[in-house]
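Chemist: Submitted below is the structure of interest, expressed as structure tokens.
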Amino acid sequence: MSKRLAHDDGCSPRHLTGPSAAVRAALLISVAALAACSSSGGSAHVEPHTPTPTPSPTATASPAPSAHVYVADQGSNSITSYAAATAGTPNQTPIGTISGSSTGLGAPISDALDAAGNIYVANTLTVTVYPANPVGTLNEAPTATINVGAIDGGVTPYGVGVDATGKIYVATPGEIFVFAANPVGTVTTPIATISGSNTLLAEIHNFAFDVTGRIYVTDNVRGILVFAPNPSGALNEAPVANIPRNGTTGLSYPWGIALDSSGNIYTLDTAHIYEFPPNPVGTVSEAPTATITGASTGLDGGNDGMAVDASGAIYAANDLSNVIAEFAANPSGTLNEAPVATIAGSNTGLNGSRSVAVTGAVYAASVRRRR
């Protein structure tokens with residue numbers, strides 16, 4: 001006996017052949033179901049059986065890219081980049097290395113990133129600029145060269161910074177030169193100069209910027225000086241704030257400087273990281289709100305740069321020990337604690353790590369907040 005079944009939705013008639021009792025019973029059940037559909041004024045729908053699907057592998061969202069750490073390494077005459085360490089001491093090979101005779105690098109002492117990730121490097125007489133996200137070993141010419149040595153008879157850059165608008169700041173002995181954003185080719189003319197006796201500038205090194213654009217600079221004679229945003233032309237104006245170098249502040253030879261997203265001020269000074277409150281005005285001779293120092297920290301007392309990422313993590317370059325150390329955000333009191341992570345070891349290629357810059361730095365996060 002054969003039988004043929006059409007698609008069964010519970011209300012369509014079944015097409016059956018053969019007079020068996022089983023078939024007749026099935027026919028009666030179908031007729032009853034049709035009657036129920038008609039009397040209800042609608043179409044009763046019995047969901048057909050659906051096989052249980054085979055479980056698929058659990059979808060895992062791709063992790064967000066980790067921050068990259070860029071190091072101006074004076075001993076190897078290179079810029080090296082690494083994935084930010086999250087714990088321990090990864091002896092990692094650089095993701096990218098900018099090195100070689102075509103790069104224009106010359107004993108790099110300071111590096112900075114703009115909001116797009118382009119890399120700015122202070123060399124003996126120049127600031128050189130390279131595209132973001134280098135991978136592998138690159139011996140390529142810079143996209144721009146700021147010939148600082150052509151100004152004032154061979155002045156030497158000590159540090160470089162880039163504000164939220166892309167303007168480039170160069171620290172030299174007693175002067176700050178400001179250059180227009182997005183340089184191309186060779187540049188020799190600044191758009192602003194901050195210098196003169198009113199500025200108090202003496203021996204300056206590195207820059208940070210707050211959400212209003214105010215300019216923070218370390219000075220080995222004066223401590224930390226703060227200037228008004230958006231300089232233009234030749235300015236011989238007093239700073240809007242000064243955290244002086246004295247026994248109360250603890251400052252003796254401040255070099256690196258960075259701000260967190262709350263505006264707290266961090267400086268790296270002879271094996272100490274000091275934190276000061278945000279938005280100083282006038283002369284603020286007060287003790288730091290936090291100090292990271294001591295044998296456990298590994299801070300080596302060299303002339304080093306620092307950075308703070310968008311999460312508040314603090315990065316310090318140690319040029320004597322060739323270590324990049326990361327400390328936890330929001331320190332409080334006096335802390336003699338080991339870093340939460342370090343980048344160190346023979347695979348890193350570090351040899352005189354004078355400065356560190358981190359993607360997602362605070363000023364870039366501040367630009368997003370201000371929109």
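Each chain in the structure tokens gets a letter, A, B and so on, in the order shown; residues start at 1 in every chain, and ligands are counted from 1 in the order they appear.
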What's around region 335-349 of chain A at 10 Å? Count only C-alpha atoms, leave out sequence neighbours fewer than 5 positions away in its own chain, and write the answer as a VMD selection string.
Modeler: chain A and resid 69 73 75 to 76 78 80 to 95 97 273 290 to 299 313 to 317 321 to 328
Chemist: Next, dump the selected residues to file, keeping only N, CA and C atoms, as a compact mmCIF listing (two decimals), in the first residue's frame.
Modeler:
# COMPACT_ATOMS: atom_id res chain seq x y z
N VAL A 69 52.41 51.45 22.40
CA VAL A 69 53.39 52.26 23.11
C VAL A 69 54.52 52.56 22.13
N ASP A 73 64.05 55.76 21.27
CA ASP A 73 65.17 55.02 21.82
C ASP A 73 66.47 55.61 21.29
N GLY A 75 69.67 55.18 22.18
CA GLY A 75 70.83 54.32 21.97
C GLY A 75 70.82 53.59 20.65
N SER A 76 69.64 53.16 20.20
CA SER A 76 69.53 52.45 18.92
C SER A 76 69.15 53.37 17.78
N SER A 78 66.35 54.92 17.05
CA SER A 78 65.13 54.37 16.43
C SER A 78 63.89 54.76 17.22
N THR A 80 60.52 52.66 18.31
CA THR A 80 59.97 51.32 18.35
C THR A 80 58.57 51.35 18.96
N SER A 81 57.70 50.46 18.49
CA SER A 81 56.34 50.41 19.02
C SER A 81 56.02 49.00 19.49
N TYR A 82 55.18 48.95 20.54
CA TYR A 82 54.84 47.69 21.19
C TYR A 82 53.36 47.69 21.55
N ALA A 83 52.79 46.50 21.67
CA ALA A 83 51.47 46.40 22.28
C ALA A 83 51.60 46.71 23.76
N ALA A 84 50.67 47.50 24.28
CA ALA A 84 50.74 47.85 25.70
C ALA A 84 50.65 46.58 26.54
N ALA A 85 51.55 46.42 27.47
CA ALA A 85 51.54 45.26 28.35
C ALA A 85 50.39 45.38 29.33
N THR A 86 49.77 44.26 29.66
CA THR A 86 48.68 44.27 30.64
C THR A 86 49.12 43.70 31.98
N ALA A 87 50.17 42.89 31.98
CA ALA A 87 50.67 42.32 33.23
C ALA A 87 52.05 41.73 32.96
N GLY A 88 52.82 41.61 34.03
CA GLY A 88 54.10 40.95 33.92
C GLY A 88 55.11 41.73 33.11
N THR A 89 56.09 41.02 32.57
CA THR A 89 57.15 41.63 31.79
C THR A 89 57.27 40.90 30.46
N PRO A 90 56.43 41.26 29.49
CA PRO A 90 56.55 40.61 28.18
C PRO A 90 57.82 41.07 27.48
N ASN A 91 58.68 40.11 27.10
CA ASN A 91 59.91 40.40 26.38
C ASN A 91 59.57 40.36 24.89
N GLN A 92 58.82 41.38 24.45
CA GLN A 92 58.22 41.32 23.13
C GLN A 92 59.07 42.02 22.07
N THR A 93 59.05 41.44 20.89
CA THR A 93 59.68 42.07 19.74
C THR A 93 58.82 43.25 19.31
N PRO A 94 59.42 44.36 18.89
CA PRO A 94 58.61 45.51 18.47
C PRO A 94 57.65 45.15 17.33
N ILE A 95 56.46 45.75 17.37
CA ILE A 95 55.52 45.64 16.25
C ILE A 95 56.07 46.41 15.05
N THR A 97 59.40 49.23 13.82
CA THR A 97 60.67 49.90 14.11
C THR A 97 60.95 50.88 12.98
N ILE A 273 57.57 59.82 40.44
CA ILE A 273 56.42 60.32 39.69
C ILE A 273 55.56 61.08 40.69
N ALA A 290 50.06 62.69 45.27
CA ALA A 290 50.53 61.30 45.24
C ALA A 290 51.97 61.29 44.76
N THR A 291 52.71 60.30 45.25
CA THR A 291 54.10 60.13 44.85
C THR A 291 54.36 58.64 44.65
N ILE A 292 54.93 58.31 43.49
CA ILE A 292 55.35 56.93 43.21
C ILE A 292 56.87 56.93 43.22
N THR A 293 57.47 56.24 44.17
CA THR A 293 58.92 56.22 44.28
C THR A 293 59.34 55.05 45.16
N GLY A 294 60.61 54.68 45.10
CA GLY A 294 61.12 53.61 45.94
C GLY A 294 61.69 52.48 45.12
N ALA A 295 62.42 51.61 45.79
CA ALA A 295 63.14 50.54 45.10
C ALA A 295 62.21 49.61 44.33
N SER A 296 61.00 49.40 44.85
CA SER A 296 60.08 48.46 44.19
C SER A 296 59.57 48.98 42.85
N THR A 297 59.59 50.29 42.66
CA THR A 297 59.03 50.87 41.44
C THR A 297 59.91 50.63 40.22
N GLY A 298 61.21 50.47 40.44
CA GLY A 298 62.12 50.30 39.31
C GLY A 298 62.45 51.60 38.61
N LEU A 299 61.95 52.73 39.06
CA LEU A 299 62.28 54.01 38.43
C LEU A 299 63.76 54.28 38.62
N ALA A 313 46.20 54.92 33.09
CA ALA A 313 47.43 54.20 33.37
C ALA A 313 48.63 55.10 33.06
N ILE A 314 49.67 54.96 33.86
CA ILE A 314 50.83 55.85 33.81
C ILE A 314 52.02 55.07 33.27
N TYR A 315 52.68 55.61 32.24
CA TYR A 315 53.82 54.96 31.61
C TYR A 315 55.06 55.81 31.82
N ALA A 316 56.15 55.16 32.20
CA ALA A 316 57.41 55.87 32.43
C ALA A 316 58.51 55.20 31.63
N ALA A 317 59.29 56.02 30.92
CA ALA A 317 60.48 55.51 30.23
C ALA A 317 61.65 55.55 31.19
N SER A 321 67.86 51.80 32.61
CA SER A 321 67.60 50.36 32.72
C SER A 321 66.92 49.78 31.48
N ASN A 322 66.58 50.64 30.49
CA ASN A 322 65.94 50.18 29.25
C ASN A 322 64.62 49.44 29.53
N VAL A 323 63.78 50.07 30.32
CA VAL A 323 62.50 49.49 30.71
C VAL A 323 61.41 50.54 30.54
N ILE A 324 60.27 50.13 29.99
CA ILE A 324 59.06 50.94 30.01
C ILE A 324 58.17 50.36 31.10
N ALA A 325 57.87 51.17 32.10
CA ALA A 325 57.09 50.70 33.25
C ALA A 325 55.70 51.30 33.22
N GLU A 326 54.70 50.49 33.53
CA GLU A 326 53.30 50.96 33.62
C GLU A 326 52.83 50.86 35.06
N PHE A 327 52.23 51.95 35.55
CA PHE A 327 51.68 51.98 36.90
C PHE A 327 50.18 52.20 36.83
N ALA A 328 49.48 51.73 37.86
CA ALA A 328 48.02 51.80 37.88
C ALA A 328 47.53 53.24 37.94
Chemist: I'd like the contact shell of Pro229 (chain A) - 8 Å cut-off, only C-alpha atoms, skipping same-chain residues fewer than 3 positions apart - returned as a PyMOL selection string.
Modeler: chain A and resi 212-215
Chemist: Looking at only C-alpha atoms, which of A:Ser332, A:Thr156, A:Ser262, A:Asn133 is the one that sits closest to Val358 (chain A)?
Modeler: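 Under the stated criterion, the closest residue is A:Asn133.
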Chemist: My list of candidates is A:Ala164, A:Asn206, A:Gly333, A:Asp304. Which is closest to Asp319 (chain A) when distances are computed with only C-alpha atoms?
Modeler: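 Ranked by minimum distance to Asp319 (chain A), first place goes to A:Asp304.
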Chemist: Apply DSSP to the backbone of this structure and, from region 169-353 of chain A, keep only the residues in strand (DSSP E); write these as a ChimeraX atom specification.
Modeler: /A:169-172,175-179,185-187,192-195,204-209,215-219,223-227,233-235,241-243,254-259,265-269,272-276,282-283,290-293,306-308,314-318,323-327,333-335,341-343,353
Chemist: Which residue gives the smallest distance to Pro278 (chain A) among A:Thr188, A:Asp210, A:Ala234, A:Ala329, with only C-alpha atoms counted?
Modeler: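 For Pro278 (chain A), the nearest of the given residues is A:Asp210.
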Chemist: For Ala208 (chain A), find every residue with an atom within 10 Å (counting only C-alpha atoms), except residues of its own chain fewer than 2 positions away, and show them as a compact mmCIF listing (two decimals) with N, CA and C atoms, in the first residue's frame.
Modeler:
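Below is the file that was written, part.txt:
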# COMPACT_ATOMS: atom_id res chain seq x y z
N VAL A 160 59.19 67.49 22.29
CA VAL A 160 58.16 67.81 21.31
C VAL A 160 56.80 67.41 21.88
N GLY A 161 55.77 68.20 21.55
CA GLY A 161 54.40 67.89 21.94
C GLY A 161 53.45 68.31 20.84
N VAL A 162 52.28 67.70 20.80
CA VAL A 162 51.25 68.03 19.80
C VAL A 162 49.94 68.24 20.54
N ASP A 163 49.29 69.39 20.31
CA ASP A 163 48.04 69.64 21.03
C ASP A 163 46.86 69.04 20.28
N TYR A 169 54.61 71.68 19.21
CA TYR A 169 55.36 72.49 20.16
C TYR A 169 56.74 71.88 20.33
N ASN A 206 59.46 68.96 28.17
CA ASN A 206 58.33 68.22 27.60
C ASN A 206 57.01 68.93 27.85
N ASP A 210 45.81 70.50 28.52
CA ASP A 210 44.53 70.15 29.15
C ASP A 210 43.40 70.37 28.16
N GLY A 213 43.20 73.55 26.25
CA GLY A 213 44.32 73.88 25.39
C GLY A 213 45.49 74.52 26.11
N ARG A 214 45.38 74.70 27.44
CA ARG A 214 46.51 75.29 28.17
C ARG A 214 47.75 74.40 28.01
N ILE A 215 48.91 75.03 28.01
CA ILE A 215 50.17 74.37 27.69
C ILE A 215 50.96 74.17 28.98
N TYR A 216 51.29 72.93 29.30
CA TYR A 216 52.06 72.58 30.49
C TYR A 216 53.45 72.16 30.03
N VAL A 217 54.47 72.70 30.66
CA VAL A 217 55.84 72.40 30.25
C VAL A 217 56.71 72.20 31.49
N THR A 218 57.59 71.20 31.44
CA THR A 218 58.54 71.00 32.53
C THR A 218 59.77 71.88 32.30
N VAL A 226 52.76 76.80 33.18
CA VAL A 226 51.52 76.64 32.42
C VAL A 226 51.25 77.94 31.66
N GLY A 256 59.61 64.41 32.22
CA GLY A 256 58.35 64.02 31.56
C GLY A 256 57.15 64.66 32.23
N ILE A 257 56.08 64.85 31.45
CA ILE A 257 54.85 65.43 32.01
C ILE A 257 53.66 64.88 31.22
N ALA A 258 52.54 64.66 31.92
CA ALA A 258 51.32 64.17 31.28
C ALA A 258 50.14 64.51 32.18
N LEU A 259 48.95 64.56 31.58
CA LEU A 259 47.70 64.81 32.32
C LEU A 259 46.78 63.63 32.14
N ASP A 260 45.97 63.33 33.18
CA ASP A 260 44.94 62.32 33.01
C ASP A 260 43.62 63.00 32.61
N ILE A 265 47.90 66.38 37.12
CA ILE A 265 49.18 66.62 36.47
C ILE A 265 50.20 65.62 37.02
N TYR A 266 50.88 64.92 36.12
CA TYR A 266 51.91 63.97 36.52
C TYR A 266 53.24 64.42 35.91
N THR A 267 54.30 64.30 36.69
CA THR A 267 55.63 64.57 36.16
C THR A 267 56.60 63.51 36.65
N ALA A 307 53.93 59.19 29.91
CA ALA A 307 52.65 59.37 29.25
C ALA A 307 51.56 58.80 30.14
N VAL A 362 45.44 61.32 26.61
CA VAL A 362 44.37 62.08 27.24
C VAL A 362 43.86 63.21 26.37
N TYR A 363 44.75 63.95 25.71
CA TYR A 363 44.24 65.10 24.97
C TYR A 363 43.34 64.66 23.83
Chemist: Distance CA of Phe179 (chain A)-CA of Ala150 (chain A), one decimal place?
Modeler: 13.8 Å
Chemist: Using only C-alpha atoms, determine which residues lie at most 10 Å from Arg222 (chain A), disregarding the query and same-chain residues fewer than 4 positions distant; provide the list as number ranges by chain.
Modeler: A: 200-204, 217-218, 242-246, 251-254
Chemist: Select, from A:Ala287, A:Val221, A:Val281, A:Ala115, the residue with the minimum atom-to-atom distance to Asn182 (chain A), counting only C-alpha atoms.
Modeler: A:Ala115
Chemist: Set the distance at 9 Å and use only C-alpha atoms: which residues neighbour region 98-101 of chain A once local chain neighbours fewer than 5 positions away are removed? I'd like the list as a ChimeraX atom specification.
Modeler: /A:76-81,130,134-141
Chemist: Mind writing the picked residues with C-alpha atoms as a PDB file, in the first residue's frame?
Modeler:
ATOM      1  CA  SER A  76      69.530  52.453  18.924  1.00  0.00           C
ATOM      2  CA  ASN A  77      68.640  55.664  17.049  1.00  0.00           C
ATOM      3  CA  SER A  78      65.134  54.375  16.434  1.00  0.00           C
ATOM      4  CA  ILE A  79      61.438  54.621  17.228  1.00  0.00           C
ATOM      5  CA  THR A  80      59.969  51.317  18.346  1.00  0.00           C
ATOM      6  CA  SER A  81      56.335  50.411  19.017  1.00  0.00           C
ATOM      7  CA  TYR A 130      56.172  59.655  10.332  1.00  0.00           C
ATOM      8  CA  PRO A 134      54.272  51.442  11.485  1.00  0.00           C
ATOM      9  CA  VAL A 135      54.641  47.686  11.024  1.00  0.00           C
ATOM     10  CA  GLY A 136      57.920  45.872  10.524  1.00  0.00           C
ATOM     11  CA  THR A 137      61.230  47.643  10.072  1.00  0.00           C
ATOM     12  CA  LEU A 138      60.922  50.866   8.099  1.00  0.00           C
ATOM     13  CA  ASN A 139      63.858  52.787   6.673  1.00  0.00           C
ATOM     14  CA  GLU A 140      61.851  55.483   4.923  1.00  0.00           C
ATOM     15  CA  ALA A 141      62.087  59.242   4.718  1.00  0.00           C
TER      16      ALA A 141
END
Chemist: For CA of Ala181 (chain A) and CA of Ser353 (chain A), quote the distance in Å rounded to one decimal.
Modeler: 26.5 Å
Chemist: Please, what distance in Å, to one decimal, runs between CA of Gly166 (chain A) and CA of Pro331 (chain A)?
Modeler: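 Calculated distance between CA of Gly166 (chain A) and CA of Pro331 (chain A) is 29.8 Å.
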Chemist: Give the answer as one residue: which of A:Thr248, A:Thr199, A:Asn118, A:Ser232 has the shortest atom-to-atom distance to Pro183 (chain A), using only C-alpha atoms?
Modeler: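 Closest candidate: A:Asn118.
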Chemist: Can you tell me which residues surround Val187 (chain A) at a distance of at most 8 Å, considering only C-alpha atoms, apart from same-chain residues fewer than 2 positions away, and format the answer as number ranges by chain?
Modeler: A: 144-147, 183-185, 189
Chemist: Which residues in region 27-237 of chain A does DSSP call helix (DSSP H, G or I)? List them as a PyMOL selection string.
Modeler: chain A and resi 27-40+148-150+197-199
